[in-house]
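query.cif (mmCIF, C-alpha atoms)
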data_structure
#
loop_
_atom_site.label_atom_id
_atom_site.label_comp_id
_atom_site.auth_asym_id
_atom_site.auth_seq_id
_atom_site.Cartn_x
_atom_site.Cartn_y
_atom_site.Cartn_z
CA MET A 1 113.95 88.87 107.85
CA GLU A 2 117.05 90.87 107.08
CA CYS A 3 117.18 94.63 106.71
CA THR A 4 120.05 96.47 105.07
CA VAL A 5 120.42 100.14 104.25
CA ARG A 6 122.36 101.74 101.41
CA THR A 7 122.43 105.02 99.58
CA GLU A 8 121.89 105.34 95.85
CA GLY A 9 121.76 108.78 94.32
CA PRO A 10 119.20 110.88 96.14
CA TYR A 11 117.69 107.89 97.93
CA THR A 12 118.23 105.91 101.07
CA ILE A 13 117.31 102.34 100.19
CA VAL A 14 115.92 100.19 102.99
CA ALA A 15 116.16 96.66 101.62
CA LEU A 16 114.07 93.97 103.27
CA SER A 17 114.54 90.29 102.60
CA GLY A 18 112.86 87.11 103.73
CA GLU A 19 109.59 87.02 105.64
CA VAL A 20 108.29 90.33 106.98
CA ASP A 21 105.81 89.22 109.62
CA LEU A 22 104.55 90.30 113.02
CA TYR A 23 107.79 89.21 114.68
CA TYR A 24 110.14 90.97 112.26
CA SER A 25 108.11 93.91 110.98
CA PRO A 26 109.01 96.16 113.97
CA LYS A 27 112.62 96.08 112.74
CA ALA A 28 111.50 97.07 109.25
CA ARG A 29 109.35 99.84 110.69
CA GLU A 30 112.16 101.13 112.85
CA ASN A 31 114.55 101.38 109.92
CA ILE A 32 112.05 103.01 107.58
CA LEU A 33 110.98 105.63 110.10
CA LEU A 34 114.54 106.28 111.30
CA HIS A 35 115.66 107.43 107.89
CA LEU A 36 112.48 109.33 107.14
CA ASN A 37 112.89 111.17 110.44
CA LYS A 38 116.35 112.17 109.23
CA LYS A 39 114.54 113.78 106.29
CA CYS A 40 115.93 111.25 103.81
CA ASN A 41 114.08 110.25 100.65
CA VAL A 42 113.43 106.56 101.15
CA LEU A 43 112.80 103.66 98.85
CA VAL A 44 111.92 100.30 100.37
CA ASP A 45 113.42 97.51 98.29
CA LEU A 46 111.06 94.52 98.40
CA SER A 47 112.76 92.44 95.71
CA ALA A 48 113.90 89.77 98.16
CA VAL A 49 110.73 89.64 100.26
CA SER A 50 109.24 86.16 100.13
CA TYR A 51 106.35 86.90 102.49
CA ILE A 52 104.77 90.00 103.98
CA ASP A 53 101.71 90.27 106.17
CA SER A 54 99.51 93.15 107.29
CA SER A 55 102.01 94.21 109.96
CA GLY A 56 104.70 94.56 107.31
CA VAL A 57 102.31 96.47 105.07
CA ALA A 58 101.43 98.72 108.01
CA SER A 59 105.11 99.67 108.29
CA LEU A 60 105.09 100.70 104.66
CA VAL A 61 101.90 102.75 105.11
CA GLU A 62 103.36 104.46 108.14
CA GLY A 63 106.45 105.33 106.11
CA PHE A 64 104.30 106.67 103.30
CA GLN A 65 102.38 108.90 105.69
CA LEU A 66 105.48 110.18 107.49
CA ALA A 67 107.17 110.98 104.19
CA ARG A 68 104.13 112.94 103.07
CA SER A 69 104.13 115.01 106.26
CA ASN A 70 107.90 115.54 105.97
CA LYS A 71 107.55 116.39 102.28
CA ALA A 72 110.06 113.67 101.50
CA ASP A 73 109.94 111.10 98.73
CA PHE A 74 108.90 107.56 99.58
CA GLY A 75 108.30 104.58 97.36
CA LEU A 76 108.71 100.89 96.85
CA VAL A 77 111.23 99.40 94.47
CA GLY A 78 111.59 95.94 92.96
CA VAL A 79 108.40 94.67 94.57
CA SER A 80 108.49 90.86 94.59
CA HIS A 81 105.54 88.86 93.31
CA ALA A 82 104.73 87.74 96.85
CA ALA A 83 104.71 91.31 98.16
CA MET A 84 102.70 92.62 95.20
CA GLN A 85 100.07 89.99 95.78
CA VAL A 86 99.50 91.28 99.32
CA LEU A 87 99.52 94.93 98.22
CA GLN A 88 96.89 94.09 95.59
CA LEU A 89 94.72 92.24 98.12
CA ALA A 90 94.97 95.26 100.41
CA ARG A 91 94.24 97.62 97.50
CA LEU A 92 97.45 99.50 98.17
CA ASP A 93 99.16 98.73 94.88
CA LYS A 94 97.84 102.01 93.44
CA VAL A 95 98.67 104.04 96.56
CA PHE A 96 102.42 103.67 96.88
CA PRO A 97 104.76 104.93 94.18
CA ILE A 98 106.21 101.67 92.87
CA TYR A 99 109.33 101.48 90.73
CA SER A 100 111.09 98.61 89.01
CA THR A 101 114.52 100.06 89.72
CA VAL A 102 116.14 102.86 91.67
CA ALA A 103 117.09 104.43 88.32
CA GLU A 104 113.42 104.61 87.41
CA ALA A 105 112.63 106.28 90.73
CA THR A 106 115.46 108.77 90.25
CA ALA A 107 114.31 109.57 86.71
CA ASN A 108 110.83 110.26 88.04
CA LYS A 109 112.00 112.48 90.86
CA MET B 1 79.51 66.99 112.17
CA ASP B 2 82.14 65.61 109.85
CA ASN B 3 84.78 68.28 109.28
CA GLY B 4 86.68 66.15 106.79
CA ASN B 5 89.98 64.34 106.83
CA PRO B 6 92.27 65.93 109.44
CA ILE B 7 95.62 66.74 107.88
CA LEU B 8 97.22 68.94 110.52
CA GLU B 9 96.84 69.71 114.19
CA LEU B 10 99.20 72.24 115.68
CA ARG B 11 99.20 73.85 119.11
CA PHE B 12 101.44 76.81 119.71
CA ARG B 13 101.91 79.76 122.02
CA SER B 14 100.30 83.08 121.22
CA ARG B 15 103.69 84.63 120.37
CA ALA B 16 104.78 86.28 117.15
CA ASP B 17 107.93 84.14 116.95
CA GLN B 18 105.70 81.09 116.51
CA LEU B 19 104.14 82.33 113.28
CA LYS B 20 106.96 81.33 110.94
CA ASP B 21 106.85 77.66 111.92
CA MET B 22 103.05 77.76 111.72
CA ARG B 23 103.21 79.08 108.17
CA CYS B 24 105.69 76.35 107.20
CA ALA B 25 103.38 73.70 108.61
CA VAL B 26 100.37 75.10 106.76
CA ARG B 27 102.28 75.31 103.48
CA LYS B 28 103.39 71.71 103.81
CA ALA B 29 99.92 70.51 104.79
CA ILE B 30 98.09 72.13 101.87
CA GLU B 31 100.73 71.37 99.26
CA PRO B 32 99.13 68.10 98.12
CA LEU B 33 95.69 69.66 97.78
CA GLY B 34 96.15 71.08 94.29
CA PHE B 35 96.11 74.82 94.94
CA SER B 36 98.17 77.02 92.65
CA ALA B 37 101.28 78.56 94.15
CA ASP B 38 99.57 81.97 94.35
CA ASP B 39 96.45 80.56 95.97
CA ALA B 40 98.51 78.60 98.47
CA GLN B 41 100.45 81.74 99.36
CA CYS B 42 97.19 83.63 99.88
CA ILE B 43 95.80 80.84 102.06
CA VAL B 44 98.93 80.90 104.23
CA LEU B 45 98.59 84.69 104.48
CA ALA B 46 94.95 84.46 105.58
CA VAL B 47 95.63 81.82 108.23
CA ASN B 48 98.58 83.89 109.45
CA GLU B 49 96.38 86.99 109.67
CA ALA B 50 93.82 85.02 111.67
CA CYS B 51 96.53 83.91 114.10
CA MET B 52 97.78 87.49 114.39
CA ASN B 53 94.28 88.68 115.23
CA ILE B 54 94.00 86.05 117.96
CA MET B 55 97.35 87.11 119.38
CA GLN B 56 96.66 90.83 119.25
CA HIS B 57 92.96 91.04 119.97
CA ALA B 58 91.72 87.87 121.66
CA TYR B 59 94.80 87.58 123.86
CA GLY B 60 95.57 91.30 123.88
CA ASN B 61 99.26 90.64 123.12
CA CYS B 62 99.56 88.58 126.29
CA GLN B 63 101.90 85.80 125.26
CA GLU B 64 100.72 83.13 127.64
CA GLY B 65 97.78 81.72 125.75
CA ASP B 66 97.66 78.84 123.28
CA ILE B 67 96.29 78.63 119.78
CA ILE B 68 95.19 75.36 118.21
CA LEU B 69 95.19 75.20 114.42
CA GLU B 70 93.52 72.26 112.71
CA ILE B 71 93.24 71.68 108.99
CA PHE B 72 90.69 69.36 107.44
CA ASP B 73 90.68 68.18 103.86
CA GLN B 74 87.12 68.08 102.54
CA PRO B 75 86.06 66.83 99.10
CA GLN B 76 85.40 70.33 97.74
CA ALA B 77 87.24 72.55 100.18
CA VAL B 78 89.81 72.84 102.91
CA LEU B 79 88.70 73.86 106.39
CA PHE B 80 90.88 75.65 108.93
CA ARG B 81 89.77 75.71 112.53
CA LEU B 82 91.51 78.04 114.96
CA THR B 83 90.75 77.73 118.64
CA ASP B 84 91.87 80.02 121.43
CA PHE B 85 91.24 80.11 125.17
CA ALA B 86 90.86 83.82 125.61
CA ALA B 87 87.79 85.64 126.87
CA PRO B 88 84.85 85.51 124.43
CA ILE B 89 85.21 88.11 121.75
CA LYS B 90 82.34 90.34 120.64
CA ILE B 91 81.71 88.85 117.22
CA CYS B 92 79.60 91.82 116.14
CA ASN B 93 82.68 94.05 116.52
CA ILE B 94 84.71 92.12 113.97
CA LYS B 95 84.54 93.92 110.70
CA SER B 96 86.69 95.00 107.84
CA ARG B 97 87.45 98.72 107.76
CA ASP B 98 87.09 101.24 104.97
CA LEU B 99 90.12 100.73 102.73
CA GLU B 100 89.76 104.19 101.21
CA ASP B 101 91.05 105.45 104.56
CA ILE B 102 94.76 104.87 104.05
CA ARG B 103 96.30 104.14 107.41
CA PRO B 104 98.46 101.48 108.98
CA GLY B 105 96.75 98.53 110.61
CA GLY B 106 93.31 97.02 110.46
CA LEU B 107 93.82 95.03 107.28
CA GLY B 108 93.68 91.55 108.76
CA VAL B 109 89.92 90.96 108.55
CA HIS B 110 89.82 92.28 104.99
CA LEU B 111 92.68 90.02 103.87
CA ILE B 112 91.01 86.99 105.44
CA GLN B 113 87.70 87.80 103.73
CA GLN B 114 89.42 88.30 100.39
CA VAL B 115 91.03 84.87 100.48
CA MET B 116 88.55 82.65 102.26
CA ASP B 117 85.14 81.68 100.92
CA ASP B 118 83.58 81.29 104.35
CA VAL B 119 84.57 82.89 107.63
CA GLU B 120 82.71 82.01 110.81
CA TYR B 121 83.44 83.17 114.35
CA GLN B 122 82.09 81.23 117.29
CA ASN B 123 82.21 81.80 121.04
CA ASP B 124 82.65 78.70 123.13
CA PRO B 125 79.25 77.82 124.65
CA GLU B 126 80.91 77.38 128.06
CA GLY B 127 82.39 80.87 127.83
CA ILE B 128 86.03 79.89 127.53
CA GLY B 129 87.67 80.73 124.26
CA ASN B 130 86.68 81.26 120.68
CA THR B 131 86.73 79.31 117.46
CA LEU B 132 87.32 80.66 113.99
CA LEU B 133 86.40 78.56 110.97
CA LEU B 134 87.89 79.43 107.60
CA ARG B 135 86.90 77.55 104.50
CA ARG B 136 88.48 77.80 101.08
CA ARG B 137 86.94 75.98 98.14
CA LYS B 138 89.14 73.95 95.86
CA ARG B 139 88.80 75.59 92.45
#

File written out as structure tokens:
Amino acid sequence: MECTVRTEGPYTIVALSGEVDLYYSPKARENILLHLNKKCNVLVDLSAVSYIDSSGVASLVEGFQLARSNKADFGLVGVSHAAMQVLQLARLDKVFPIYSTVAEATANK
Amino acid sequence: MDNGNPILELRFRSRADQLKDMRCAVRKAIEPLGFSADDAQCIVLAVNEACMNIMQHAYGNCQEGDIILEIFDQPQAVLFRLTDFAAPIKICNIKSRDLEDIRPGGLGVHLIQQVMDDVEYQNDPEGIGNTLLLRRRKR
């Protein structure tokens, strides 16, 4: 798994790629929480995620909860088919704000 | 008991860095069995979740134990058998949690149950280890 961070408009984008599993998800979690703790609005870009398991999903849930307590924005952008499948199985696809693009997220802000 | 035609036997350490190779092996093994790409992805996810549960709960994140994964091709289904050598787990404690309670963690059992048609936990009769049987019907 790779994790890169960029800024677009009002958002810090944490982009994950590859397989987000038990071995790699701590790195994803660290990056998501780091920027939320800086009071950034965070979008997690899942467009290049080919696999994600419950530990990866847990990182996203933790980010969602921290953002809510910090009154920051948090969402998912460009969710890959593989990632969406897992979110649907976990019944979380209706919980996270999910956007096709950062522009869509910005327009909805 | 005839489990079916064995198509994979893999033994690996109870370490998270072993999961990627395990998933590759499972994908390759089930590829000829006719599952759709989505179903195959879900099957790999469920087997991965089962391995994670063994690592985290049966072995308590101790990385010294082994996990044996066997896959059997049956006429109407595929059977996955996962064996560990940890202390016997309390099978009655294994349950899916309330998904309305949005919180990180605890999704593994639910994901396995969503994907697999049959899930059976067994303690070793001699008190060493546990076996998990997962069965997915061929649609």

Expand the PyMOL selection byres ((chain A) within 9 of (chain B)) into the explicit residue set it covers here, and present it as a compact mmCIF listing (two decimals) with C-alpha atoms, in the frame of the given file.
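Printed below is result09.txt as written:
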# COMPACT_ATOMS: atom_id res chain seq x y z
CA GLU A 19 109.59 87.02 105.64
CA ASP A 21 105.81 89.22 109.62
CA LEU A 22 104.55 90.30 113.02
CA TYR A 23 107.79 89.21 114.68
CA TYR A 24 110.14 90.97 112.26
CA TYR A 51 106.35 86.90 102.49
CA ILE A 52 104.77 90.00 103.98
CA ASP A 53 101.71 90.27 106.17
CA SER A 54 99.51 93.15 107.29
CA SER A 55 102.01 94.21 109.96
CA VAL A 57 102.31 96.47 105.07
CA ALA A 58 101.43 98.72 108.01
CA SER A 59 105.11 99.67 108.29
CA LEU A 60 105.09 100.70 104.66
CA VAL A 61 101.90 102.75 105.11
CA GLU A 62 103.36 104.46 108.14
CA GLN A 65 102.38 108.90 105.69
CA ALA A 82 104.73 87.74 96.85
CA GLN A 85 100.07 89.99 95.78
CA VAL A 86 99.50 91.28 99.32
CA LEU A 89 94.72 92.24 98.12
CA ALA A 90 94.97 95.26 100.41
CA ARG A 91 94.24 97.62 97.50
CA LEU A 92 97.45 99.50 98.17
CA VAL A 95 98.67 104.04 96.56

*Find the residues near Lys71 of chain A: any atom within 10 Å, counting all atoms listed in the file, skip ones fewer than 6 places away on the same chain, and give them as a list in words.*
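Everything that qualifies: Leu36, Lys39, Cys40, Asn41 and Gln65 of chain A.
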
Just the selected residues (C-alpha atoms), exported as an mmCIF file, in the coordinates of the input, please.
data_model
loop_
_atom_site.group_PDB
_atom_site.id
_atom_site.type_symbol
_atom_site.label_atom_id
_atom_site.label_comp_id
_atom_site.auth_asym_id
_atom_site.auth_seq_id
_atom_site.Cartn_x
_atom_site.Cartn_y
_atom_site.Cartn_z
ATOM 1 C CA LEU A 36 112.480 109.330 107.140
ATOM 2 C CA LYS A 39 114.540 113.780 106.290
ATOM 3 C CA CYS A 40 115.930 111.250 103.810
ATOM 4 C CA ASN A 41 114.080 110.250 100.650
ATOM 5 C CA GLN A 65 102.380 108.900 105.690
#

*Between atom CA of Phe80 of chain B and atom CA of Leu46 of chain A, what is the distance, to one decimal in Å?*
29.6 Å

_Computed interatomic separation between atom CA of Asp45 of chain A and atom CA of His81 of chain A (Å)_ =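 According to the coordinates, atom CA of Asp45 of chain A and atom CA of His81 of chain A are separated by 12.7 Å.
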
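If you look at atom CA of Asp21 of chain B and atom CA of Thr83 of chain B, they are 17.4 Å away from each other.
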
*So which residues touch Ile30 of chain B within 10 Å, counting all atoms listed in the file, skipping near sequence neighbours fewer than 2 positions away, as a list in words?*
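Here the qualifying residues turn out to be Ile7, Leu8, Ala25, Val26, Arg27, Lys28, Pro32, Leu33, Gly34, Phe35, Ala40, Ile43, Val44, Ile71, Phe72, Asp73 and Val78 of chain B.
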
Selected residues, C-alpha atoms, written as an mmCIF file, in the coordinates of the input, please.
data_model
loop_
_atom_site.group_PDB
_atom_site.id
_atom_site.type_symbol
_atom_site.label_atom_id
_atom_site.label_comp_id
_atom_site.auth_asym_id
_atom_site.auth_seq_id
_atom_site.Cartn_x
_atom_site.Cartn_y
_atom_site.Cartn_z
ATOM 1 C CA ILE B 7 95.620 66.740 107.880
ATOM 2 C CA LEU B 8 97.220 68.940 110.520
ATOM 3 C CA ALA B 25 103.380 73.700 108.610
ATOM 4 C CA VAL B 26 100.370 75.100 106.760
ATOM 5 C CA ARG B 27 102.280 75.310 103.480
ATOM 6 C CA LYS B 28 103.390 71.710 103.810
ATOM 7 C CA PRO B 32 99.130 68.100 98.120
ATOM 8 C CA LEU B 33 95.690 69.660 97.780
ATOM 9 C CA GLY B 34 96.150 71.080 94.290
ATOM 10 C CA PHE B 35 96.110 74.820 94.940
ATOM 11 C CA ALA B 40 98.510 78.600 98.470
ATOM 12 C CA ILE B 43 95.800 80.840 102.060
ATOM 13 C CA VAL B 44 98.930 80.900 104.230
ATOM 14 C CA ILE B 71 93.240 71.680 108.990
ATOM 15 C CA PHE B 72 90.690 69.360 107.440
ATOM 16 C CA ASP B 73 90.680 68.180 103.860
ATOM 17 C CA VAL B 78 89.810 72.840 102.910
#

*Just the residues within 12 Å of Ser14 of chain B, please, counting all atoms listed in the file, with nothing from its chain fewer than 2 positions along; format it as a ChimeraX atom specification.*
/A:22-23 /B:11-12,16-19,22,48,50-69,82-86
